[in-house]
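So the structure is just underneath, and the comments pick up after that.
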Amino acid sequence: MAASGFSLPAAAAPLVEAARRAPPRLKALAIAGTILVAAAAILAALWTPAMRPLYPDAADADRAAMLDALTAAGIAAAIDPATGVIRVPASEHQRARILLAADGLPAGAASGDDQIAAIALGASRPVEQARLLKAREADLEATIAAIDPVTSARVHIGAEAPSLFARDGAEPRAAIAVTLARGRALSPGEVAAIIHLVAAAVPNLSPDRVTLVDSAGRLLSGRDADGAATELEATAALEARYRRKLAAVLAPVLGEANYAAEVTVELDRAQSRSVTERVDRDATALRSEQGTLNNRSETAPAGIPGALSNTPPPAVPAAAPPQQGATAQSWQRQFDVSRETSERVEREGRVRRLTVAIAVRQSPRLQPADLQAIERLARGTVGIDTARGDTLSVVARPFSPPVEAGAQPWWEAPWLPLAAKAAATLALAILALVAVRRLLRRAPAPSDTLPPPAPPRVRIEDLRAAVSDDRQTATRALRQLLAAPAR
């Protein structure tokens with residue numbers, strides 16, 4: 001049988017033909033039964049308790065012990081066929097964890113001491129080195145997991161075996177993966193502490209060769225080794241500092257519940273350096289002086305050239321001849337001029353702009369002068385600088401009523417899921433009943449589909465017995481006799 005490109009198996013053809021020839025009322029009953037079965041399945045799915053996984057990272061040996069302990073405690077535990085993880089009802093999740101913790105389950109990975117104790121007596125040197133490295137990793141994992149935000153950790157150390165040749169030895173490396181508690185994060189100090197912890201535990205491992213990531217795949221070791229904060233963290237820390245300063249001043253005056261303050265800081269991460277040099281020409285001083293004086297004199301020759309001219313003069317004094325000479329001098333002086341040099345370095349992280357907003361609870365006793373006083377107080381507390389572009393806003397508005405401590409919203413009430421399931425069950429039952437009732441009403445009655453009944457057959461003996469003096473009875477019996485065939 002084929003229709004619009006769809007063919008049924010040959011075995012189903014008799015069933016389809018029987019369904020077509022079935023009476024309409026029987027078809028209506030079948031549809032009604034199908035509706036009721038579907039409604040029952042939906043109700044069963046609604047009232048089936050939600051299941052939560054229990055220790056998805058547990059080892060297979062621990063899962064077997066956990067399943068036995070939960071079964072003995074009367075908790076309906078099931079094993080996920082796809083992953084093998086034990087699942088328990090959500091209402092019993094915390095109770096199951098407490099019971100397993102009392103039994104010491106899951107046992108977890110072996111400690112470093114267990115790894116060392118498992119080394120066989122005749123193990124080779126490489127096997128022994130691998131066992132020792134695994135033991136070191138296990139101890140580091142347990143130590144890191146003890147930090148508050150960390151729930152579990154995995155440590156992988158990449159270190160080669162010691163070599164006889166120093167040049168052939170490669171520097172070790174380490175990789176750390178941490179799983180944090182929900183809603184928690186590692187501070188820069190904690191990141192630096194974990195990195196230095198691993199670096200100190202592994203010989204010849206420097207902190208810059210340690211990689212730290214979290215369960216979300218974020219790289220945490222990209223910061224400086226000293227835990228320097230990023231721009232976002234530095235901004236948040238500075239804003240929190242300003243808010244604390246405002247709280248210290250406004251809380252005693254207004255009360256903690258009567259104001260709300262927020263601070264927005266814009267930081268300038270650029271670093272600038274400027275050098276200024278000033279020279280005073282009027283203020284001079286002699287630093288050094290160096291001079292040279294040359295005096296040269298000459299005597300003119302006299303007499304007739306010859307031997308006599310070279311003889312000493314006679315004893316009688318004679319008039320001295322005129323002398324010819326020259327004098328030369330040079331001086332070199334060095335002066336110092338008054339000079340002033342100043343250097344200014346502006347480090348990164350300067351406050352570029354500061355925006356402060358303060359909302360005060362409106363009160364009949366609060367006057368405009370009081371708001372001005374609060375504004376002046378806040379301006380002096382955070383150091384508003386109008387030349388820098390800082391702004392400060394103080395407004396008075398009515399506050400919403402405070403929520404009572406411990407009050408739970410109605411949509412988080414524990415009875416709401418149960419009420420929702422009950423309402424869904426009732427609505428589904430009503431829809432199923434209405435659908436079944438309409439189907440039964442529209443289905444024709446059995447009397448409408450069956451052929452008219454044959455007229456009753458009357459026996460001649462009955463007619464003779466019925467003949468009496470009553471004329472009406474005899475007439476009716478005769479009519480029946482004529483209408484019915486004779487037996």
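How things are named: the first chain in the structure tokens is A, the next is B, and so on; residues count from 1 in each chain; ligands count from 1 in the order shown.
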
Based on DSSP run over this structure's backbone, return all residues of segment 354-411 of chain A in helix (DSSP H, G or I), as a PyMOL selection string. chain A and resi 368-382+386-388+410-411

Can you spit out the residues from that selection as a compact mmCIF listing (two decimals), in the first residue's frame, using C-alpha atoms?
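Resulting contents of selection_35.txt:
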# COMPACT_ATOMS: atom_id res chain seq x y z
CA PRO A 368 18.58 72.14 50.75
CA ALA A 369 21.29 73.48 53.02
CA ASP A 370 21.84 69.98 54.34
CA LEU A 371 22.32 68.65 50.80
CA GLN A 372 24.86 71.39 50.12
CA ALA A 373 26.73 70.47 53.29
CA ILE A 374 26.75 66.80 52.26
CA GLU A 375 28.06 67.79 48.83
CA ARG A 376 30.90 69.82 50.35
CA LEU A 377 31.71 66.97 52.68
CA ALA A 378 31.86 64.44 49.86
CA ARG A 379 33.84 66.82 47.66
CA GLY A 380 36.55 67.12 50.28
CA THR A 381 36.53 63.41 51.06
CA VAL A 382 37.27 62.12 47.57
CA THR A 386 36.90 70.50 38.59
CA ALA A 387 39.92 71.32 36.42
CA ARG A 388 40.33 67.60 35.81
CA TRP A 410 7.20 33.72 46.44
CA TRP A 411 8.62 32.34 43.20

Which of segment 138-259 of chain A counts as strand (DSSP E) under DSSP, as a PyMOL selection string please? chain A and resi 150-158+173-180+210-214+259

Produce a file of the selected residues containing C-alpha atoms, as an mmCIF file, in the first residue's frame.
data_model
loop_
_atom_site.group_PDB
_atom_site.id
_atom_site.type_symbol
_atom_site.label_atom_id
_atom_site.label_comp_id
_atom_site.auth_asym_id
_atom_site.auth_seq_id
_atom_site.Cartn_x
_atom_site.Cartn_y
_atom_site.Cartn_z
ATOM 1 C CA VAL A 150 39.789 26.035 44.752
ATOM 2 C CA THR A 151 37.745 22.826 44.861
ATOM 3 C CA SER A 152 40.143 20.621 42.890
ATOM 4 C CA ALA A 153 43.406 20.939 40.985
ATOM 5 C CA ARG A 154 45.491 19.034 38.479
ATOM 6 C CA VAL A 155 49.249 19.561 38.172
ATOM 7 C CA HIS A 156 51.396 18.400 35.271
ATOM 8 C CA ILE A 157 55.168 18.741 35.520
ATOM 9 C CA GLY A 158 57.288 18.428 32.426
ATOM 10 C CA ARG A 173 57.880 23.409 32.993
ATOM 11 C CA ALA A 174 54.598 23.043 34.854
ATOM 12 C CA ALA A 175 50.911 23.379 33.982
ATOM 13 C CA ILE A 176 48.153 23.784 36.572
ATOM 14 C CA ALA A 177 44.383 23.481 36.028
ATOM 15 C CA VAL A 178 42.143 24.534 38.912
ATOM 16 C CA THR A 179 38.409 24.133 39.400
ATOM 17 C CA LEU A 180 36.949 27.001 41.407
ATOM 18 C CA VAL A 210 54.402 27.888 35.162
ATOM 19 C CA THR A 211 51.032 28.106 33.386
ATOM 20 C CA LEU A 212 47.821 28.394 35.401
ATOM 21 C CA VAL A 213 44.314 28.061 33.929
ATOM 22 C CA ASP A 214 40.863 27.615 35.443
ATOM 23 C CA TYR A 259 22.294 56.876 51.598
#

Which residues, written as a VMD selection string, have at least one atom at most 10 Å from Ala159 of chain A, with only C-alpha atoms counted and residues fewer than 2 positions away on the same chain left out? chain A and resid 130 133 156 to 157 161 to 162 169 to 174 202 to 205

Next, write the just-selected residues to a file, as a short mmCIF file (atom, residue, chain, number, x, y, z; two decimals), in the first residue's frame, keeping N, CA and C atoms as the atom set.
data_model
loop_
_atom_site.label_atom_id
_atom_site.label_comp_id
_atom_site.auth_asym_id
_atom_site.auth_seq_id
_atom_site.Cartn_x
_atom_site.Cartn_y
_atom_site.Cartn_z
N ALA A 130 59.36 8.34 37.07
CA ALA A 130 57.98 8.68 36.75
C ALA A 130 57.10 8.59 37.98
N LEU A 133 57.79 11.60 40.20
CA LEU A 133 57.20 12.81 39.63
C LEU A 133 55.68 12.82 39.84
N HIS A 156 50.60 19.18 36.22
CA HIS A 156 51.40 18.40 35.27
C HIS A 156 52.78 19.04 35.20
N ILE A 157 53.79 18.26 35.51
CA ILE A 157 55.17 18.74 35.52
C ILE A 157 55.90 18.09 34.36
N ALA A 161 64.72 13.61 32.67
CA ALA A 161 65.63 12.92 33.60
C ALA A 161 66.96 13.66 33.63
N PRO A 162 67.65 13.66 34.76
CA PRO A 162 68.95 14.34 34.84
C PRO A 162 69.93 13.78 33.82
N GLY A 169 70.51 19.43 29.22
CA GLY A 169 69.36 19.48 30.12
C GLY A 169 68.40 20.60 29.77
N ALA A 170 67.11 20.28 29.61
CA ALA A 170 66.08 21.27 29.34
C ALA A 170 65.45 21.75 30.64
N GLU A 171 65.07 23.02 30.65
CA GLU A 171 64.46 23.57 31.86
C GLU A 171 63.06 22.99 32.05
N PRO A 172 62.70 22.66 33.29
CA PRO A 172 61.38 22.07 33.53
C PRO A 172 60.27 23.10 33.36
N ARG A 173 59.08 22.60 33.11
CA ARG A 173 57.88 23.41 32.99
C ARG A 173 56.76 22.76 33.79
N ALA A 174 55.74 23.55 34.09
CA ALA A 174 54.60 23.04 34.85
C ALA A 174 53.32 23.69 34.35
N VAL A 202 59.49 22.38 42.65
CA VAL A 202 60.18 21.67 41.56
C VAL A 202 61.55 22.29 41.39
N PRO A 203 62.61 21.52 41.46
CA PRO A 203 63.95 22.10 41.30
C PRO A 203 64.13 22.73 39.92
N ASN A 204 64.84 23.87 39.90
CA ASN A 204 65.21 24.58 38.67
C ASN A 204 64.00 25.05 37.88
N LEU A 205 62.86 25.22 38.52
CA LEU A 205 61.66 25.70 37.84
C LEU A 205 61.44 27.16 38.21
#

Excluding same-chain residues fewer than 6 positions from Ala73 of chain A, what lies within 10 Å of it counting only C-alpha atoms, as a PDB file with C-alpha atoms, in the first residue's frame?
ATOM      1  CA  LEU A  67      26.365   3.007  44.777  1.00  0.00           C
ATOM      2  CA  ARG A  95      21.900  13.952  52.272  1.00  0.00           C
ATOM      3  CA  ALA A  96      23.738  11.630  49.888  1.00  0.00           C
ATOM      4  CA  LEU A  99      26.367   9.972  53.962  1.00  0.00           C
ATOM      5  CA  LEU A 100      29.208   9.383  51.535  1.00  0.00           C
TER       6      LEU A 100
END

Atom CA of Arg209 of chain A and atom CA of His196 of chain A are how many Å apart? 10.5 Å

Of A:Pro401, A:Gly383, A:Pro24, A:Gly389, the one sitting nearest Tyr242 of chain A when using only C-alpha atoms is A:Gly383

Please measure the separation of atom CA of Arg52 of chain A and atom CA of Ala422 of chain A, giving the value in Å to one decimal.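 Computed distance, atom CA of Arg52 of chain A to atom CA of Ala422 of chain A, equals 22.3 Å.
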